[in-house]
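Heads up: the structure comes next, in structure tokens.
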Amino acid sequence: MSQETPWQQALRYENRANPYPFYAELRKTPVARQPNGSYVVSTYREIVALLHDNRISSDPTKRPGTAPGMAEPQAETITESILEPNIITSDPPEHDRNRSMMLRHFYGPSDSPHQISDLDPEIHRIVGELLDNMKGKTRIDVVDDFAYPLPVTMICKVLGVPREDEPRFHEWIRTALESFDLGPESTSEENERKAQEGHRAVQEFGEYITGLLDQYAKQPGPGMLSAMVHEDGPEGRMSQSTLVSNAVLLLFAGHETTVNLIAHSVLTLLRHPEALEKLRRRPELIVPGVEELLRFESSVQFWHTRSALDDIEIAGTTIPKGAPVFLVYGSANRDPERFDNPDELDLERPDNQHLGYSQGIHFCFGAPLARLEVQAAVGEFVRRMGNPRLVEDPPPYRHNQIFRGPRHVLVDIDGITD
């Protein structure tokens with residue numbers, strides 16, 4: 001068996017809890033061609049350059065057929081297994097038009113663009129209730145008891161998705177996430193089976209969203225989806241299929257990455273008790289602290305749908321036209337050429353322009369909501385939890401390599417204060 005590349009090693013499940021030593025090896029070759037013909041970009045400067053380069057496409061339909069020396073395409077993910085493109089899998093001008101429409105309804109109209117910031121009191125209320133519900137327990141699961149309920153409740157409210165339907169789409173999302181595997185230990189037969197299951201789950205998810213949109217077309221309701229069904233802005237209305245694709249994406253991305261960030265933030269602080277104590281003494285550090293926690297443990301480790309529209313010369317390497325390009329945010333956020341002592345946690349890190357929410361035209365427009373949620377959740381956890389201790393370190397991780405996060409974080413506590 002040929003020796004695996006650092007990238008292949010980083011993708012192995014056994015290394016999910018700590019891919020960073022392999023990222024350090026990757027950065028020795030900032031733009032590294034892989035055996036399957038893809039190019040992995042691992043350094044901060046080069047990733048930022050490509051994020052702002054219009055020769056990099058996010059549209060899978062613009063990829064050429066399999067070229068000599070290039071492997072067959074990998075399994076689809078939830079973001080590209082729907083027929084219509086969404087804002088992550090499209091390029092300008094289509095991307096810009098759809099993103100503009102979605103932003104208007106996400107943040108609120110131009111004369112009152114405070115829809116997200118106005119949610120802050122409710123976010124704190126939900127956080128308080130979640131913590132109150134854990135009173136009397138001596139062991140909690142940060143993921144199931146705390147990190148998951150908050151963001152899924154909030155994204156349902158923003159979109160206008162009934163919260164009681166959560167068990168249905170939770171299962172669809174779980175199946176779709178588990179269907180994607182780039183690890184060298186996976187087999188083609190296993191990948192094919194998982195891909196079929198994931199595709200079926202996303203189709204069922206799409207049918208659910210279609211039914212919800214049809215309901216709102218007949219009778220308008222609260223939330224972003226109903227507003228977009230009745231869109232009367234200058235760009236006109238999205239086609240229903242495009243709206244379904246973007247709604248599935250928003251419901252998925254609107255909570256999954258935040259769950260991972262809350263779980264990783266608690267996990268990281270419990271591994272660094274001096275930082276936890278500092279945050280307890282100085283709660284105002286929660287704002288820069290959350291940015292540092294996101295840099296330290298990126299919720300989205302890399303992105304995989306991009307390809308080169310032309311030959312691109314970068315860092316002494318030519319990425320040929322048509323080649324798949326992987327941008328490894330988790331590595332860039334630990335790049336010592338950009339961040340001093342990147343493997344150290346510094347809640348007051350200056351100039352912390354991490355790539356946790358990407359950059360350029362695909363910057364995560366849900367970042368303001370995620371920040372409010374994580375600031376409230378982590379800040380109150382630190383303030384109210386009595387003597388929290390990790391039960392298992394490292395905890396078990398989810399299988400998906402892109403949306404990297406713990407499956408459970410068990411914590412023993414002495415109690416919860418008011």
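Scheme for the structure tokens: letters A, B, ... for chains in order shown; per-chain residue numbers from 1; ligand numbers from 1 in order shown.
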Skip region 119-131 of chain A itself and residues of its chain fewer than 6 positions away, then list as number ranges by chain all residues within 7 Å of it, counting only C-alpha atoms.
A: 146, 150, 372-373, 376-377
Among region 17-226 of chain A, which ones does DSSP assign to helix (DSSP H, G or I) (computed from the backbone)? Answer as a ChimeraX atom specification.
/A:20-26,44-51,60-62,94-107,117-132,142-147,149-159,163-178,188-218,224-226
Could you check the closest approach to Asn36 (chain A) for each of A:Val248, A:Ala195, A:Val325, A:Ala201 and tell me which residue wins, using only C-alpha atoms?
A:Val325
Write out as a list of chain:residue names each polymer residue whose atoms come within 9 Å of region 346-353 of chain A, counting only C-alpha atoms; drop sequence neighbours fewer than 3 positions from it.
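My reading of the contact set: A:Ala275, A:Lys278, A:Leu279, A:Leu285, A:Ile286, A:Val287, A:Pro288, A:Gly289, A:Val290, A:Glu291, A:Glu292, A:Leu293, A:Arg295, A:Asn333, A:Phe339, A:Asp340, A:Pro342, A:Gly356.
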Nearest residue to Leu212 (chain A) out of A:Val40, A:Gln240, A:Arg193, A:Val161, using only C-alpha atoms?
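The answer is A:Val161, which sits nearest to Leu212 (chain A).
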Which of these residues is nearest to Ser331 (chain A), using only C-alpha atoms: A:Pro234, A:Pro19, A:Gly316, A:Gly108?
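For Ser331 (chain A), the nearest of the candidates is A:Pro19.
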Between CA of Ser117 (chain A) and CA of Leu103 (chain A), what is the distance, to one decimal in Å?
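Computing the Euclidean distance for CA of Ser117 (chain A) and CA of Leu103 (chain A) yields 14.1 Å.
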Mind listing the strand (DSSP E) residues of region 364-401 of chain A, per DSSP on the backbone, as a list in words?
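Output for region 364-401 of chain A, strand (DSSP E) only: Met385, Gly386, Arg389 and Leu390 of chain A.
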Save the residues we just selected, all heavy atoms, as an mmCIF file, in the first residue's frame?
data_model
loop_
_atom_site.group_PDB
_atom_site.id
_atom_site.type_symbol
_atom_site.label_atom_id
_atom_site.label_comp_id
_atom_site.auth_asym_id
_atom_site.auth_seq_id
_atom_site.Cartn_x
_atom_site.Cartn_y
_atom_site.Cartn_z
ATOM 1 N N MET A 385 -22.287 27.134 35.536
ATOM 2 C CA MET A 385 -21.917 25.741 35.797
ATOM 3 C C MET A 385 -20.972 25.636 36.992
ATOM 4 O O MET A 385 -19.952 26.329 37.039
ATOM 5 C CB MET A 385 -21.258 25.118 34.571
ATOM 6 C CG MET A 385 -22.228 24.686 33.504
ATOM 7 S SD MET A 385 -23.227 23.269 34.044
ATOM 8 C CE MET A 385 -24.438 23.232 32.731
ATOM 9 N N GLY A 386 -21.303 24.761 37.901
ATOM 10 C CA GLY A 386 -20.468 24.564 39.083
ATOM 11 C C GLY A 386 -19.444 23.466 38.882
ATOM 12 O O GLY A 386 -19.799 22.290 38.763
ATOM 13 N N ARG A 389 -16.375 19.216 34.807
ATOM 14 C CA ARG A 389 -15.216 18.375 34.499
ATOM 15 C C ARG A 389 -15.555 17.435 33.348
ATOM 16 O O ARG A 389 -16.623 16.823 33.337
ATOM 17 C CB ARG A 389 -14.805 17.510 35.700
ATOM 18 C CG ARG A 389 -14.259 18.246 36.897
ATOM 19 C CD ARG A 389 -15.313 18.471 37.963
ATOM 20 N NE ARG A 389 -15.881 17.243 38.510
ATOM 21 C CZ ARG A 389 -17.021 17.205 39.190
ATOM 22 N NH1 ARG A 389 -17.719 18.327 39.407
ATOM 23 N NH2 ARG A 389 -17.486 16.065 39.667
ATOM 24 N N LEU A 390 -14.616 17.322 32.414
ATOM 25 C CA LEU A 390 -14.805 16.403 31.295
ATOM 26 C C LEU A 390 -14.791 14.961 31.787
ATOM 27 O O LEU A 390 -13.947 14.574 32.590
ATOM 28 C CB LEU A 390 -13.696 16.585 30.255
ATOM 29 C CG LEU A 390 -13.787 17.801 29.330
ATOM 30 C CD1 LEU A 390 -12.524 17.908 28.484
ATOM 31 C CD2 LEU A 390 -15.019 17.698 28.434
#
